[in-house]
Amino acid sequence: MNHLLSIEQLQRGDIERIVSEAERFAEVSHREIKKVPALRGRMVLNLFYEASTRTRSSFELAAKRLSADVVNFAASGSSVEKGESLKDTVLTLSAHKPDAIVLRTPWAGAAELVSRWCGAAIVNAGDGKHEHPTQALLDVYTLRRRLGEIDGASIWIVGDVAHSRVARSNVLAFQRMGARVTVAGPPTLIPREIERLGCEVRYTLAEMHSADIVYALRMQNERMNDTWVPSLREYAAWYQVNGRRLTPRQILMHPGPVNRGVELSGEVVDSPQAVITAQVEAGVVVRMAVLYELLAGAREERAELRPAVGSAAS
Amino acid sequence: MSALEPLVGGRGEPARLLLRDVRALDPRAGIDARHDVRVRDGAIAELAQPGALEHDGEREELVEGDGRLLLAPAFFDPHVHLRTPGQEHKEDIETGTRAAAAGGFAAVIAMPNTQPPIDSAPLLRSLRDAAAREAHVPVGFLPAITRGLEGQQLTEMAELREQGALGFTDDGRPVISAGMLRKALQYQRLCGGVLSLHEEDPTLSRDGAMHEGAVSAALGIAGIPTVAESTMIARDAMLAGYEDARVHFQHISCAASVDALADAKARGFRVSGEVCPHHLLLTDEHVRGLDTRMKMYPPLAAEADRQALVEGLRAGTIDCVASDHAPHAREEKEVPFEQAPMGTTGLETAFAALHTELVLPGAIGLAMLVERMTAGAALFGLPTASIAPGRPADLVLIDLDAAWVAGEHGWHSRADNCCFAGRRLRGRVLMTLAAGAVAHRLCPDGCDRALAMAGAA
């Protein structure tokens, strides 16, 4: 694997390999010294064209735990605001010879474009409303830790599917792992022909009790200005995942940050069914696994790392 | 109303040629047979049995057709963007009309969405002067319907007509207000001129960048629903019928729009429509790779839409082919798909692409393709090219068997954003005569750029 551009390009075997690798790195995060030398001397460039705190810092932490050098480049306050094109920015930054570029942009396909323009391994950290593959991988990881396997599980993804890259990556990833996926939300926020991705579509939560896992999406306030739904109040009345709608055996997920009182009620966020904090924890180890797969996997014998991790763990 | 010649430009010496033993095909004249054709002083002088005409030595050029090369009336494109004034880094009159000649077009109609837009008589006059100096084939102009293409106030349509406007369009944008369009339709009674309409309801197309369907759902790109076009065609057909006005619908792209046009024609309204090669041959599946050359308005639609367009063209519901040649600079297109400007070039590939992918598989006949690629002229009140003694030499000579890869030797257009780039095509324009002069000639090795440049000098 040279780049991680989308879940669409991954087979089940790829997902399982990355998730298993992440499980090995999880050991590291419980040690007193959380760092391994796997990527010593490598440079990871975080190039973010959209505001992001958690994804960026999760990648930064992952790279640092692998002993890589990290450079953060935010589009605001930079040459980008002076009108530099994506291509010119990437070519300029490539002069520093980064080994990997973690890229977030508001444009679908931007990560793939950049992968054609420079020699670095590209990690898509969100391209427009298209995909957010590391989020889907950490969600699979979280579910596997909780359930073992997700083959045959029923997963409902609820909310603003139209504007969600998380939804698109997860519809694909959960299905690759053998789950059945239903997307549910207001008809104005469910893209026409989304069922061609293999999922089912519902416009109410009436049948959500049949789900094993409920994955709520963030309802963004700015959607209100475009009148996608009549009001947040009506949205919450019909689509909020709350104690009344969530049954005790169901697992609740959310990509964060949560709007309490909108897509989730406070009591379900704080309930033991919610694995939202576990998702955040999983973010670092899964991103370690991705960086390791891209930077060490192809170029170095894995055996070189194993003793380092193994001996420190023993 | 227009006191001036509607088409300007096209340069070079009147041609003197003997085209010996070519397959002359003129669908309107009912000709499809081997002929000798003599062009003298820029006009078709003689049409005779193959081998009947003697080559007049030094005084005329001899072109051997070997009973194989196709000679047809040259094509007419009612919809191109020459980007002049203001965006000459994308295209100008010289390069755009050179691309037209290379594609077998003997005349084109230029759109007014330039910077500034063509919305006043002085600007139209200066462009006509520039075309007279620089154009390789004659150019007609459609100035704007509304000032600045802003949809608020009519242009001085009567004066523009006196200064040579063929008609009017706000192409690139719709006339959003039905009331504003109605005024233009009424004013047409005074000044004439076809109103050529870009149909798009912006409250439906919003910030869409591609066709709304399974592919846009998978890519997470905002979709443009086909009803953004079809509802506006239905609305404007009703307005045209009510005012008994003459309107032409640009770049029809979906099944519902073909139905709306058929319905308007069945009611006897004075409407016509054009379709682009890319909409006839490509679908939203071609957008999956997010190649920005596949981004245009209207967007490439679903396979069922594509089939309806082919059927509409075959049935005559859609009257003609138009390229909507829309050049953009490379750096403008080398950006993420959602950021890229709309448009594909098309003049240099229109015939070959349609010949390869519609005629050779048998979807439509060659004669019909030639008819639909020449029909635009009459829709705008201009004479249609034909192979008949006494008529001006607007002719195209084509090797139907020649295989080539689109763009492999570059383009005559200043831009390279062609959705057919890299495709293997069959059928190559060898020579184009426009207004009686040789406007294009393919050099023997197929690398025609240098020769055409030399010819232009």
# chains A, B, ... in the order shown; residues from 1 in each chain; ligands from 1
call {"tool": "select_by_dssp", "arguments": {"residues": "segment 77-114 of chain A", "states": "helix (DSSP H, G or I)", "output": "PyMOL selection string"}}
result
chain A and resi 79-82+86-94+110-114
call {"tool": "write_last_selection", "arguments": {"atoms": "N, CA and C atoms", "output": "short mmCIF file (atom, residue, chain, number, x, y, z; two decimals), in the first residue's frame"}}
result
data_model
loop_
_atom_site.label_atom_id
_atom_site.label_comp_id
_atom_site.auth_asym_id
_atom_site.auth_seq_id
_atom_site.Cartn_x
_atom_site.Cartn_y
_atom_site.Cartn_z
N SER A 79 0.51 30.83 2.67
CA SER A 79 0.51 31.19 1.26
C SER A 79 -0.82 30.86 0.58
N VAL A 80 -1.56 29.88 1.16
CA VAL A 80 -2.83 29.49 0.57
C VAL A 80 -3.79 30.67 0.55
N GLU A 81 -3.74 31.45 1.65
CA GLU A 81 -4.62 32.63 1.71
C GLU A 81 -4.19 33.70 0.72
N LYS A 82 -2.97 33.60 0.26
CA LYS A 82 -2.49 34.56 -0.75
C LYS A 82 -2.78 34.05 -2.15
N LEU A 86 -3.45 24.51 -4.76
CA LEU A 86 -3.12 23.28 -4.03
C LEU A 86 -1.86 22.65 -4.62
N LYS A 87 -1.80 22.62 -5.94
CA LYS A 87 -0.65 21.97 -6.59
C LYS A 87 0.65 22.69 -6.23
N ASP A 88 0.63 24.03 -6.32
CA ASP A 88 1.86 24.77 -6.01
C ASP A 88 2.25 24.62 -4.55
N THR A 89 1.26 24.61 -3.67
CA THR A 89 1.55 24.42 -2.25
C THR A 89 2.21 23.06 -2.02
N VAL A 90 1.65 22.04 -2.65
CA VAL A 90 2.18 20.69 -2.46
C VAL A 90 3.58 20.58 -3.05
N LEU A 91 3.79 21.17 -4.21
CA LEU A 91 5.11 21.10 -4.82
C LEU A 91 6.14 21.84 -3.96
N THR A 92 5.73 22.98 -3.41
CA THR A 92 6.63 23.75 -2.56
C THR A 92 7.00 22.96 -1.31
N LEU A 93 5.97 22.41 -0.66
CA LEU A 93 6.24 21.67 0.58
C LEU A 93 7.00 20.38 0.30
N SER A 94 6.85 19.86 -0.91
CA SER A 94 7.58 18.63 -1.27
C SER A 94 9.08 18.85 -1.29
N ALA A 110 -9.13 15.33 -3.60
CA ALA A 110 -7.89 16.11 -3.49
C ALA A 110 -6.71 15.23 -3.08
N ALA A 111 -6.95 14.26 -2.18
CA ALA A 111 -5.85 13.41 -1.72
C ALA A 111 -5.29 12.59 -2.89
N GLU A 112 -6.20 12.10 -3.72
CA GLU A 112 -5.74 11.31 -4.85
C GLU A 112 -4.94 12.19 -5.82
N LEU A 113 -5.43 13.41 -6.06
CA LEU A 113 -4.70 14.34 -6.93
C LEU A 113 -3.29 14.55 -6.40
N VAL A 114 -3.18 14.84 -5.11
CA VAL A 114 -1.88 15.13 -4.52
C VAL A 114 -0.96 13.92 -4.64
#
call {"tool": "select_by_dssp", "arguments": {"residues": "segment 85-282 of chain A", "states": "strand (DSSP E)", "output": "MDAnalysis selection string"}}
result
chainID A and resid 100:105 121:127 154:158 180:184 200:202 213:216 251:253
call {"tool": "closest_residue", "arguments": {"among": "B:Arg293, B:Arg391, B:Arg288, B:Arg441", "to": "chain A", "atoms": "only C-alpha atoms"}}
result
B:Arg288
call {"tool": "interface_residues", "arguments": {"of": "chain B", "to": "chain A", "cutoff": "12 Å", "atoms": "only C-alpha atoms", "output": "MDAnalysis selection string"}}
result
chainID B and resid 203 206:207 209:225 287:292 302 330:340
call {"tool": "write_last_selection", "arguments": {"atoms": "N, CA and C atoms", "output": "mmCIF file, in the first residue's frame"}}
result
data_model
loop_
_atom_site.group_PDB
_atom_site.id
_atom_site.type_symbol
_atom_site.label_atom_id
_atom_site.label_comp_id
_atom_site.auth_asym_id
_atom_site.auth_seq_id
_atom_site.Cartn_x
_atom_site.Cartn_y
_atom_site.Cartn_z
ATOM 1 N N THR B 203 -31.723 27.483 -8.219
ATOM 2 C CA THR B 203 -32.151 27.018 -6.896
ATOM 3 C C THR B 203 -32.135 25.493 -6.832
ATOM 4 N N ARG B 206 -27.836 24.745 -7.469
ATOM 5 C CA ARG B 206 -27.098 25.198 -6.286
ATOM 6 C C ARG B 206 -25.589 25.152 -6.504
ATOM 7 N N ASP B 207 -24.899 24.488 -5.582
ATOM 8 C CA ASP B 207 -23.444 24.413 -5.719
ATOM 9 C C ASP B 207 -23.019 23.072 -6.314
ATOM 10 N N ALA B 209 -21.697 20.114 -8.676
ATOM 11 C CA ALA B 209 -20.541 20.068 -9.570
ATOM 12 C C ALA B 209 -20.641 18.924 -10.575
ATOM 13 N N MET B 210 -21.670 18.066 -10.409
ATOM 14 C CA MET B 210 -21.842 16.952 -11.341
ATOM 15 C C MET B 210 -23.298 16.500 -11.292
ATOM 16 N N HIS B 211 -23.629 15.561 -12.164
ATOM 17 C CA HIS B 211 -24.980 15.005 -12.222
ATOM 18 C C HIS B 211 -25.362 14.373 -10.881
ATOM 19 N N GLU B 212 -26.597 14.609 -10.447
ATOM 20 C CA GLU B 212 -27.069 13.977 -9.214
ATOM 21 C C GLU B 212 -27.486 12.545 -9.502
ATOM 22 N N GLY B 213 -26.834 11.608 -8.854
ATOM 23 C CA GLY B 213 -27.154 10.194 -9.065
ATOM 24 C C GLY B 213 -26.226 9.334 -8.228
ATOM 25 N N ALA B 214 -26.112 8.063 -8.616
ATOM 26 C CA ALA B 214 -25.339 7.122 -7.802
ATOM 27 C C ALA B 214 -23.881 7.552 -7.675
ATOM 28 N N VAL B 215 -23.327 8.134 -8.736
ATOM 29 C CA VAL B 215 -21.907 8.488 -8.685
ATOM 30 C C VAL B 215 -21.688 9.677 -7.755
ATOM 31 N N SER B 216 -22.553 10.677 -7.834
ATOM 32 C CA SER B 216 -22.389 11.826 -6.928
ATOM 33 C C SER B 216 -22.623 11.385 -5.482
ATOM 34 N N ALA B 217 -23.548 10.444 -5.288
ATOM 35 C CA ALA B 217 -23.786 9.942 -3.928
ATOM 36 C C ALA B 217 -22.532 9.262 -3.390
ATOM 37 N N ALA B 218 -21.853 8.496 -4.244
ATOM 38 C CA ALA B 218 -20.654 7.781 -3.799
ATOM 39 C C ALA B 218 -19.490 8.733 -3.570
ATOM 40 N N LEU B 219 -19.391 9.781 -4.380
ATOM 41 C CA LEU B 219 -18.253 10.695 -4.275
ATOM 42 C C LEU B 219 -18.467 11.783 -3.239
ATOM 43 N N GLY B 220 -19.713 11.948 -2.787
ATOM 44 C CA GLY B 220 -19.974 13.023 -1.835
ATOM 45 C C GLY B 220 -19.871 14.398 -2.463
ATOM 46 N N ILE B 221 -20.142 14.463 -3.754
ATOM 47 C CA ILE B 221 -20.117 15.745 -4.460
ATOM 48 C C ILE B 221 -21.557 16.187 -4.670
ATOM 49 N N ALA B 222 -21.826 17.470 -4.393
ATOM 50 C CA ALA B 222 -23.195 17.965 -4.549
ATOM 51 C C ALA B 222 -23.646 17.747 -5.986
ATOM 52 N N GLY B 223 -24.839 17.180 -6.138
ATOM 53 C CA GLY B 223 -25.333 16.822 -7.458
ATOM 54 C C GLY B 223 -26.223 17.901 -8.054
ATOM 55 N N ILE B 224 -26.237 17.947 -9.383
ATOM 56 C CA ILE B 224 -27.161 18.817 -10.108
ATOM 57 C C ILE B 224 -28.263 17.909 -10.653
ATOM 58 N N PRO B 225 -29.502 18.078 -10.191
ATOM 59 C CA PRO B 225 -30.560 17.191 -10.676
ATOM 60 C C PRO B 225 -30.951 17.571 -12.118
ATOM 61 N N VAL B 287 -17.102 10.453 -14.622
ATOM 62 C CA VAL B 287 -16.680 11.434 -13.624
ATOM 63 C C VAL B 287 -16.075 10.742 -12.393
ATOM 64 N N ARG B 288 -16.253 9.422 -12.290
ATOM 65 C CA ARG B 288 -15.795 8.695 -11.094
ATOM 66 C C ARG B 288 -14.348 8.983 -10.731
ATOM 67 N N GLY B 289 -13.488 9.088 -11.751
ATOM 68 C CA GLY B 289 -12.072 9.364 -11.494
ATOM 69 C C GLY B 289 -11.785 10.825 -11.188
ATOM 70 N N LEU B 290 -12.825 11.666 -11.189
ATOM 71 C CA LEU B 290 -12.706 13.089 -10.869
ATOM 72 C C LEU B 290 -11.735 13.823 -11.793
ATOM 73 N N ASP B 291 -11.687 13.401 -13.038
ATOM 74 C CA ASP B 291 -10.920 14.101 -14.075
ATOM 75 C C ASP B 291 -11.682 15.393 -14.391
ATOM 76 N N THR B 292 -11.011 16.531 -14.178
ATOM 77 C CA THR B 292 -11.722 17.809 -14.319
ATOM 78 C C THR B 292 -12.125 18.104 -15.767
ATOM 79 N N ALA B 302 -26.921 10.356 -16.730
ATOM 80 C CA ALA B 302 -26.963 8.898 -16.606
ATOM 81 C C ALA B 302 -27.038 8.247 -17.996
ATOM 82 N N ARG B 330 -4.607 25.274 -18.369
ATOM 83 C CA ARG B 330 -4.274 24.049 -17.645
ATOM 84 C C ARG B 330 -4.300 24.244 -16.137
ATOM 85 N N GLU B 331 -3.736 25.354 -15.667
ATOM 86 C CA GLU B 331 -3.685 25.534 -14.210
ATOM 87 C C GLU B 331 -5.078 25.751 -13.620
ATOM 88 N N GLU B 332 -6.008 26.208 -14.441
ATOM 89 C CA GLU B 332 -7.371 26.380 -13.936
ATOM 90 C C GLU B 332 -8.064 25.037 -13.746
ATOM 91 N N LYS B 333 -7.674 24.055 -14.562
ATOM 92 C CA LYS B 333 -8.288 22.726 -14.472
ATOM 93 C C LYS B 333 -7.489 21.776 -13.582
ATOM 94 N N GLU B 334 -6.226 22.118 -13.269
ATOM 95 C CA GLU B 334 -5.391 21.242 -12.428
ATOM 96 C C GLU B 334 -5.636 21.537 -10.957
ATOM 97 N N VAL B 335 -6.870 21.386 -10.557
ATOM 98 C CA VAL B 335 -7.294 21.670 -9.191
ATOM 99 C C VAL B 335 -8.296 20.577 -8.821
ATOM 100 N N PRO B 336 -8.656 20.471 -7.548
ATOM 101 C CA PRO B 336 -9.672 19.484 -7.190
ATOM 102 C C PRO B 336 -10.969 19.719 -7.972
ATOM 103 N N PHE B 337 -11.666 18.638 -8.251
ATOM 104 C CA PHE B 337 -12.837 18.669 -9.138
ATOM 105 C C PHE B 337 -13.831 19.766 -8.765
ATOM 106 N N GLU B 338 -14.141 19.867 -7.465
ATOM 107 C CA GLU B 338 -15.166 20.837 -7.060
ATOM 108 C C GLU B 338 -14.725 22.279 -7.290
ATOM 109 N N GLN B 339 -13.422 22.514 -7.366
ATOM 110 C CA GLN B 339 -12.915 23.872 -7.588
ATOM 111 C C GLN B 339 -12.805 24.218 -9.067
ATOM 112 N N ALA B 340 -12.826 23.227 -9.928
ATOM 113 C CA ALA B 340 -12.496 23.454 -11.342
ATOM 114 C C ALA B 340 -13.637 24.165 -12.068
#
call {"tool": "residues_around", "arguments": {"residues": "Met253 of chain A", "least_positions_apart": "4", "cutoff": "10 Å", "atoms": "only C-alpha atoms", "output": "compact mmCIF listing (two decimals) with C-alpha atoms, in the first residue's frame"}}
result
# COMPACT_ATOMS: atom_id res chain seq x y z
CA ASP A 139 -14.48 2.76 14.06
CA THR A 142 -13.35 0.09 18.18
CA LEU A 143 -16.14 -2.31 17.25
CA ILE A 157 -25.86 5.39 10.50
CA ILE A 213 -24.92 -0.59 16.58
CA VAL A 214 -26.21 2.97 16.21
CA TYR A 215 -23.76 5.43 14.67
CA ALA A 216 -24.96 9.02 15.03
CA LEU A 217 -23.54 11.72 12.77
CA VAL A 269 -23.52 10.24 25.57
CA GLN A 273 -23.33 1.94 25.76
CA ALA A 274 -21.49 4.88 24.24
CA VAL A 275 -18.00 4.05 22.96
CA ILE A 276 -17.25 7.62 21.91
CA THR A 277 -14.18 7.98 24.14
CA ALA A 278 -12.89 4.60 22.98
CA GLN A 279 -13.16 5.89 19.42
call {"tool": "residues_around", "arguments": {"residues": "Gln188 of chain B", "least_positions_apart": "6", "cutoff": "10 Å", "atoms": "only C-alpha atoms", "output": "list in words"}}
result
Met157, Ala158, Gly167, Phe168, Arg182, Val194, Leu195, Glu243, Asp244, Ala245 and Arg246 of chain B
call {"tool": "residues_around", "arguments": {"residues": "Gly436 of chain B", "least_positions_apart": "3", "cutoff": "8 Å", "atoms": "only C-alpha atoms", "output": "VMD selection string"}}
result
chain B and resid 14 to 15 41 to 43 392 to 394 433
